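Just work.pdb here, PDB, C-alpha atoms:
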ATOM      1  CA  MET A   1      -3.818  -3.190 -13.884
ATOM      2  CA  SER A   2      -6.529  -0.788 -12.743
ATOM      3  CA  ILE A   3      -5.329   2.505 -14.191
ATOM      4  CA  GLU A   4      -7.475   4.379 -11.665
ATOM      5  CA  ALA A   5      -5.301   2.971  -8.873
ATOM      6  CA  LEU A   6      -2.264   4.614 -10.486
ATOM      7  CA  THR A   7      -3.830   7.830 -11.748
ATOM      8  CA  GLU A   8      -3.659  11.274 -10.164
ATOM      9  CA  ILE A   9      -5.757  14.394 -10.704
ATOM     10  CA  ASP A  10      -3.167  16.132 -12.885
ATOM     11  CA  ASP A  11      -2.740  13.173 -15.271
ATOM     12  CA  GLY A  12      -4.218  14.287 -18.567
ATOM     13  CA  PRO A  13      -5.960  11.920 -21.008
ATOM     14  CA  ARG A  14      -2.826  11.721 -23.202
ATOM     15  CA  SER A  15      -0.435  11.122 -20.327
ATOM     16  CA  LYS A  16       1.619   7.905 -20.428
ATOM     17  CA  ARG A  17       2.371   8.164 -16.729
ATOM     18  CA  PRO A  18      -0.316   5.736 -15.442
ATOM     19  CA  ALA A  19       0.616   3.207 -18.141
ATOM     20  CA  ILE A  20       4.297   3.466 -17.184
ATOM     21  CA  LEU A  21       3.429   2.884 -13.537
ATOM     22  CA  ALA A  22       1.268  -0.120 -14.434
ATOM     23  CA  ALA A  23       4.089  -1.597 -16.526
ATOM     24  CA  ALA A  24       6.555  -0.955 -13.701
ATOM     25  CA  VAL A  25       4.319  -2.802 -11.232
ATOM     26  CA  GLU A  26       4.198  -5.768 -13.596
ATOM     27  CA  CYS A  27       7.957  -5.768 -14.150
ATOM     28  CA  PHE A  28       8.875  -5.237 -10.480
ATOM     29  CA  GLY A  29       6.410  -7.967  -9.548
ATOM     30  CA  GLU A  30       7.886 -10.437 -12.015
ATOM     31  CA  ALA A  31      11.617  -9.752 -11.691
ATOM     32  CA  GLY A  32      11.901  -7.679  -8.519
ATOM     33  CA  TYR A  33      12.962  -4.050  -8.415
ATOM     34  CA  GLU A  34      16.700  -4.763  -8.661
ATOM     35  CA  GLY A  35      16.169  -7.327 -11.400
ATOM     36  CA  THR A  36      14.088  -5.013 -13.588
ATOM     37  CA  LYS A  37      15.779  -3.024 -16.336
ATOM     38  CA  TRP A  38      14.384   0.441 -16.934
ATOM     39  CA  SER A  39      14.341  -0.334 -20.639
ATOM     40  CA  ALA A  40      12.015  -3.299 -19.974
ATOM     41  CA  VAL A  41       9.399  -0.932 -18.568
ATOM     42  CA  ALA A  42       9.626   1.238 -21.688
ATOM     43  CA  SER A  43       9.271  -1.810 -23.937
ATOM     44  CA  ARG A  44       6.169  -2.979 -22.115
ATOM     45  CA  VAL A  45       4.525   0.433 -22.546
ATOM     46  CA  GLY A  46       5.621   0.590 -26.182
ATOM     47  CA  ILE A  47       7.695   3.760 -25.931
ATOM     48  CA  GLY A  48      11.391   4.565 -26.190
ATOM     49  CA  GLN A  49      13.463   4.585 -23.025
ATOM     50  CA  THR A  50      14.170   8.293 -23.333
ATOM     51  CA  ALA A  51      10.418   8.969 -23.194
ATOM     52  CA  LEU A  52      10.353   7.564 -19.658
ATOM     53  CA  TYR A  53      12.436  10.485 -18.451
ATOM     54  CA  HIS A  54       9.651  12.882 -19.366
ATOM     55  CA  TYR A  55       7.718  11.369 -16.463
ATOM     56  CA  PHE A  56      10.323   9.831 -14.138
ATOM     57  CA  GLU A  57      13.954  10.758 -13.734
ATOM     58  CA  SER A  58      14.957   7.267 -12.578
ATOM     59  CA  LYS A  59      13.739   3.766 -11.832
ATOM     60  CA  ALA A  60      13.877   4.661  -8.120
ATOM     61  CA  HIS A  61      11.653   7.686  -8.730
ATOM     62  CA  CYS A  62       9.129   5.394 -10.409
ATOM     63  CA  LEU A  63       9.305   2.871  -7.559
ATOM     64  CA  LEU A  64       8.748   5.544  -4.923
ATOM     65  CA  THR A  65       5.729   6.792  -6.866
ATOM     66  CA  VAL A  66       4.307   3.259  -7.027
ATOM     67  CA  MET A  67       4.775   2.994  -3.267
ATOM     68  CA  ARG A  68       3.157   6.363  -2.550
ATOM     69  CA  LEU A  69       0.122   5.552  -4.653
ATOM     70  CA  GLY A  70      -0.235   2.181  -2.950
ATOM     71  CA  LEU A  71      -0.287   3.931   0.419
ATOM     72  CA  ARG A  72      -2.725   6.532  -0.901
ATOM     73  CA  ASN A  73      -5.064   3.775  -2.041
ATOM     74  CA  SER A  74      -4.802   1.986   1.315
ATOM     75  CA  ASP A  75      -5.737   5.174   3.145
ATOM     76  CA  ALA A  76      -8.733   5.750   0.851
ATOM     77  CA  ALA A  77      -9.890   2.124   1.181
ATOM     78  CA  PHE A  78      -9.764   2.324   4.975
ATOM     79  CA  HIS A  79     -11.959   5.430   5.069
ATOM     80  CA  ALA A  80     -14.438   4.018   2.550
ATOM     81  CA  ALA A  81     -14.726   0.763   4.505
ATOM     82  CA  THR A  82     -15.160   2.314   7.939
ATOM     83  CA  ALA A  83     -17.219   5.420   7.144
ATOM     84  CA  ASP A  84     -20.584   3.868   8.007
ATOM     85  CA  ALA A  85     -19.465   1.195  10.468
ATOM     86  CA  PRO A  86     -21.962   1.092  13.376
ATOM     87  CA  THR A  87     -19.330  -0.109  15.840
ATOM     88  CA  ALA A  88     -15.553  -0.068  16.118
ATOM     89  CA  LEU A  89     -15.453  -3.856  15.802
ATOM     90  CA  ALA A  90     -17.519  -3.712  12.610
ATOM     91  CA  GLY A  91     -15.146  -1.037  11.341
ATOM     92  CA  LEU A  92     -12.167  -3.192  12.205
ATOM     93  CA  ARG A  93     -13.518  -6.161  10.272
ATOM     94  CA  ALA A  94     -14.458  -3.952   7.325
ATOM     95  CA  ALA A  95     -11.022  -2.312   7.246
ATOM     96  CA  VAL A  96      -9.231  -5.660   7.297
ATOM     97  CA  GLY A  97     -11.472  -6.964   4.528
ATOM     98  CA  ALA A  98     -10.830  -3.847   2.452
ATOM     99  CA  ALA A  99      -7.068  -4.348   2.780
ATOM    100  CA  TYR A 100      -7.433  -7.539   0.745
ATOM    101  CA  ALA A 101     -10.171  -6.478  -1.695
ATOM    102  CA  LEU A 102      -7.631  -6.047  -4.480
ATOM    103  CA  SER A 103      -7.006  -7.135  -8.048
ATOM    104  CA  PRO A 104      -3.990  -9.390  -8.709
ATOM    105  CA  GLN A 105      -2.110  -6.363 -10.045
ATOM    106  CA  GLU A 106      -2.921  -4.326  -6.936
ATOM    107  CA  VAL A 107      -1.670  -7.240  -4.849
ATOM    108  CA  GLN A 108       1.622  -6.948  -6.716
ATOM    109  CA  GLN A 109       1.722  -3.245  -5.902
ATOM    110  CA  ASN A 110       1.333  -4.043  -2.209
ATOM    111  CA  ARG A 111       3.984  -6.748  -2.408
ATOM    112  CA  ILE A 112       6.360  -4.217  -3.970
ATOM    113  CA  LEU A 113       5.548  -1.708  -1.227
ATOM    114  CA  VAL A 114       6.258  -4.173   1.580
ATOM    115  CA  ALA A 115       9.424  -5.510  -0.069
ATOM    116  CA  ASN A 116      10.892  -2.026  -0.522
ATOM    117  CA  ILE A 117       9.582  -0.189   2.561
ATOM    118  CA  GLY A 118      13.145   0.267   3.841
ATOM    119  CA  LEU A 119      13.737   2.696   0.979
ATOM    120  CA  LEU A 120      11.673   5.261   2.874
ATOM    121  CA  ALA A 121      14.187   5.427   5.726
ATOM    122  CA  THR A 122      17.024   7.089   3.812
ATOM    123  CA  GLU A 123      17.112  10.597   2.381
ATOM    124  CA  ARG A 124      17.381  10.748  -1.410
ATOM    125  CA  ALA A 125      19.845  12.982  -3.268
ATOM    126  CA  SER A 126      17.334  13.641  -6.027
ATOM    127  CA  GLU A 127      14.756  16.345  -5.247
ATOM    128  CA  ARG A 128      11.953  14.511  -7.048
ATOM    129  CA  GLU A 129      12.752  11.196  -5.404
ATOM    130  CA  GLU A 130      12.937  12.865  -1.992
ATOM    131  CA  LYS A 131       9.552  14.502  -2.555
ATOM    132  CA  GLU A 132       8.002  11.077  -3.199
ATOM    133  CA  ARG A 133       9.814   9.547  -0.217
ATOM    134  CA  LEU A 134       8.579  12.221   2.183
ATOM    135  CA  ALA A 135       5.030  11.996   0.830
ATOM    136  CA  SER A 136       5.141   8.227   1.323
ATOM    137  CA  ARG A 137       6.367   8.625   4.895
ATOM    138  CA  ASP A 138       3.500  11.025   5.597
ATOM    139  CA  LEU A 139       1.061   8.452   4.247
ATOM    140  CA  VAL A 140       2.589   5.682   6.378
ATOM    141  CA  ALA A 141       1.937   7.867   9.426
ATOM    142  CA  ARG A 142      -1.599   8.624   8.225
ATOM    143  CA  VAL A 143      -2.419   4.952   7.725
ATOM    144  CA  GLU A 144      -1.164   4.146  11.215
ATOM    145  CA  ARG A 145      -3.174   7.052  12.637
ATOM    146  CA  ASN A 146      -6.329   5.691  10.995
ATOM    147  CA  TRP A 147      -5.982   2.437  12.897
ATOM    148  CA  VAL A 148      -5.034   4.142  16.151
ATOM    149  CA  GLU A 149      -8.156   6.309  16.001
ATOM    150  CA  LEU A 150     -10.373   3.296  15.265
ATOM    151  CA  LEU A 151      -8.924   1.449  18.247
ATOM    152  CA  ARG A 152      -9.326   4.481  20.495
ATOM    153  CA  ARG A 153     -12.973   4.601  19.504
ATOM    154  CA  GLY A 154     -13.412   0.962  20.451
ATOM    155  CA  ILE A 155     -11.690   1.499  23.805
ATOM    156  CA  ALA A 156     -13.744   4.621  24.574
ATOM    157  CA  GLU A 157     -17.005   2.807  23.743
ATOM    158  CA  GLY A 158     -16.068  -0.228  25.819
ATOM    159  CA  GLU A 159     -15.760  -2.633  22.879
ATOM    160  CA  PHE A 160     -12.028  -3.228  23.254
ATOM    161  CA  PRO A 161      -9.924  -3.696  26.390
ATOM    162  CA  ASP A 162      -7.939  -0.622  27.395
ATOM    163  CA  ARG A 163      -4.529  -1.329  25.870
ATOM    164  CA  ASP A 164      -2.019   0.955  24.151
ATOM    165  CA  PRO A 165      -3.708   1.763  20.813
ATOM    166  CA  VAL A 166      -0.443   2.704  19.099
ATOM    167  CA  VAL A 167       1.217  -0.624  19.916
ATOM    168  CA  MET A 168      -1.958  -2.469  18.942
ATOM    169  CA  ALA A 169      -2.287  -0.543  15.653
ATOM    170  CA  ARG A 170       1.298  -1.304  14.680
ATOM    171  CA  SER A 171       0.788  -4.958  15.573
ATOM    172  CA  LEU A 172      -2.347  -5.113  13.438
ATOM    173  CA  LEU A 173      -0.619  -3.480  10.485
ATOM    174  CA  GLY A 174       2.239  -5.950  10.782
ATOM    175  CA  LEU A 175      -0.277  -8.790  10.748
ATOM    176  CA  ILE A 176      -2.174  -7.420   7.750
ATOM    177  CA  THR A 177       0.768  -6.407   5.566
ATOM    178  CA  GLY A 178       2.772  -9.515   6.437
ATOM    179  CA  VAL A 179       0.519 -11.478   4.086
ATOM    180  CA  TRP A 180       2.168  -9.765   1.117
ATOM    181  CA  ARG A 181       5.489 -11.423   1.970
ATOM    182  CA  TRP A 182       4.167 -14.897   1.178
ATOM    183  CA  TYR A 183       0.889 -14.614  -0.756
ATOM    184  CA  ARG A 184       1.035 -15.083  -4.529
ATOM    185  CA  PRO A 185      -1.888 -14.183  -6.827
ATOM    186  CA  ASP A 186      -1.306 -17.375  -8.838
ATOM    187  CA  GLY A 187      -0.815 -19.558  -5.751
ATOM    188  CA  ALA A 188      -3.069 -22.198  -4.217
ATOM    189  CA  LEU A 189      -4.527 -19.964  -1.488
ATOM    190  CA  ASP A 190      -7.642 -17.903  -2.169
ATOM    191  CA  LEU A 191      -7.376 -14.246  -1.147
ATOM    192  CA  ASP A 192     -11.024 -14.103  -0.004
ATOM    193  CA  ASP A 193     -10.358 -17.006   2.367
ATOM    194  CA  ILE A 194      -7.234 -15.281   3.666
ATOM    195  CA  ALA A 195      -9.199 -12.052   4.203
ATOM    196  CA  HIS A 196     -11.868 -13.886   6.203
ATOM    197  CA  PHE A 197      -9.218 -15.613   8.310
ATOM    198  CA  MET A 198      -7.343 -12.359   8.949
ATOM    199  CA  GLU A 199     -10.546 -10.553   9.944
ATOM    200  CA  GLY A 200     -11.047 -13.141  12.661
ATOM    201  CA  CYS A 201      -7.417 -12.935  13.760
ATOM    202  CA  ALA A 202      -7.585  -9.153  14.015
ATOM    203  CA  ALA A 203     -10.857  -9.192  15.942
ATOM    204  CA  ARG A 204      -9.564 -11.749  18.453
ATOM    205  CA  MET A 205      -6.272  -9.894  18.789
ATOM    206  CA  VAL A 206      -7.970  -6.577  19.603
ATOM    207  CA  ALA A 207     -11.067  -7.651  21.531
ATOM    208  CA  ALA A 208      -9.673 -10.505  23.635
ATOM    209  CA  ASP A 209      -9.477  -9.881  27.372
ATOM    210  CA  GLU A 210      -6.033 -11.447  27.564
ATOM    211  CA  PRO A 211      -3.238  -9.242  26.128
TER
END
Please lay out the structure from this file as structure tokens.
Amino acid sequence: MSIEALTEIDDGPRSKRPAILAAAVECFGEAGYEGTKWSAVASRVGIGQTALYHYFESKAHCLLTVMRLGLRNSDAAFHAATADAPTALAGLRAAVGAAYALSPQEVQQNRILVANIGLLATERASEREEKERLASRDLVARVERNWVELLRRGIAEGEFPDRDPVVMARSLLGLITGVWRWYRPDGALDLDDIAHFMEGCAARMVAADEP
């Protein structure tokens, strides 16, 4: 997996943290979160299980970190894709395309995020887990705000019909992230083809005169 997608500024060159996260994504993707043993993650990294606790106090703490970083990457990809868009519609198409411009391992990370999003609704007893949960919730709100602002731009410039941008943004995000419930990296469908199809769906959904 792309280590950059799982690396943070304070991860030193000797840190095992990104490698643990990459192994966790692989294991959660293969067996599911509940079906993954914490010891299996350690084995895949090539360290003892006790060494995991230097970085993560629990499997749930690791999962929440995977989810937060996935959201962080989605936010960054949106801004990179839309920064130079000449119109809101061009930005919309670019943002949808960027949501699917992922490696197979990053696809797994997004599948894990969607499958476990309900975890963000409930307060955690652990301080470190709760910190990750709250950070993830903030990022969920930021991602939604990105799309709302893009839609507001399109409405203000007359590109999109004047409809509730919050409802439309949430509908778009449901459309985009819903793919991760059924898409498989080793399946018959090509992700580039899906991205092209979803770009068209999103554009028609937002720009059509009929609600």
* Skip Pro185 in chain A itself and residues of its chain fewer than 4 positions away, then list as a ChimeraX atom specification all residues within 8 Å of it, counting all atoms listed in the file. => /A:104,107,191
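Across A:Glu30, A:Glu57, A:Asp164, A:Glu144, the tightest approach to Glu130 in chain A is made by A:Glu57 when counting only C-alpha atoms.
Coordinates place CA of Ala101 in chain A at a distance of 25.5 Å from CA of Glu159 in chain A.
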* CA of Ser74 in chain A to CA of Val140 in chain A, distance in Å rounded to a single decimal ->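 Here the two named atoms are 9.7 Å from each other.
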Once the PyMOL selection byres ((chain A and resi 197-199) around 12) is applied to the coordinates I shared, what remains selected? I want it as a PDB file with C-alpha atoms, in the frame of the given file.
ATOM      1  CA  LEU A  89     -15.453  -3.856  15.802  1.00  0.00           C
ATOM      2  CA  ALA A  90     -17.519  -3.712  12.610  1.00  0.00           C
ATOM      3  CA  GLY A  91     -15.146  -1.037  11.341  1.00  0.00           C
ATOM      4  CA  LEU A  92     -12.167  -3.192  12.205  1.00  0.00           C
ATOM      5  CA  ARG A  93     -13.518  -6.161  10.272  1.00  0.00           C
ATOM      6  CA  ALA A  94     -14.458  -3.952   7.325  1.00  0.00           C
ATOM      7  CA  ALA A  95     -11.022  -2.312   7.246  1.00  0.00           C
ATOM      8  CA  VAL A  96      -9.231  -5.660   7.297  1.00  0.00           C
ATOM      9  CA  GLY A  97     -11.472  -6.964   4.528  1.00  0.00           C
ATOM     10  CA  ALA A  98     -10.830  -3.847   2.452  1.00  0.00           C
ATOM     11  CA  ALA A  99      -7.068  -4.348   2.780  1.00  0.00           C
ATOM     12  CA  TYR A 100      -7.433  -7.539   0.745  1.00  0.00           C
ATOM     13  CA  LEU A 172      -2.347  -5.113  13.438  1.00  0.00           C
ATOM     14  CA  LEU A 173      -0.619  -3.480  10.485  1.00  0.00           C
ATOM     15  CA  GLY A 174       2.239  -5.950  10.782  1.00  0.00           C
ATOM     16  CA  LEU A 175      -0.277  -8.790  10.748  1.00  0.00           C
ATOM     17  CA  ILE A 176      -2.174  -7.420   7.750  1.00  0.00           C
ATOM     18  CA  THR A 177       0.768  -6.407   5.566  1.00  0.00           C
ATOM     19  CA  GLY A 178       2.772  -9.515   6.437  1.00  0.00           C
ATOM     20  CA  VAL A 179       0.519 -11.478   4.086  1.00  0.00           C
ATOM     21  CA  LEU A 189      -4.527 -19.964  -1.488  1.00  0.00           C
ATOM     22  CA  ASP A 190      -7.642 -17.903  -2.169  1.00  0.00           C
ATOM     23  CA  LEU A 191      -7.376 -14.246  -1.147  1.00  0.00           C
ATOM     24  CA  ASP A 192     -11.024 -14.103  -0.004  1.00  0.00           C
ATOM     25  CA  ASP A 193     -10.358 -17.006   2.367  1.00  0.00           C
ATOM     26  CA  ILE A 194      -7.234 -15.281   3.666  1.00  0.00           C
ATOM     27  CA  ALA A 195      -9.199 -12.052   4.203  1.00  0.00           C
ATOM     28  CA  HIS A 196     -11.868 -13.886   6.203  1.00  0.00           C
ATOM     29  CA  GLY A 200     -11.047 -13.141  12.661  1.00  0.00           C
ATOM     30  CA  CYS A 201      -7.417 -12.935  13.760  1.00  0.00           C
ATOM     31  CA  ALA A 202      -7.585  -9.153  14.015  1.00  0.00           C
ATOM     32  CA  ALA A 203     -10.857  -9.192  15.942  1.00  0.00           C
ATOM     33  CA  ARG A 204      -9.564 -11.749  18.453  1.00  0.00           C
ATOM     34  CA  MET A 205      -6.272  -9.894  18.789  1.00  0.00           C
ATOM     35  CA  VAL A 206      -7.970  -6.577  19.603  1.00  0.00           C
ATOM     36  CA  ALA A 207     -11.067  -7.651  21.531  1.00  0.00           C
TER      37      ALA A 207
END
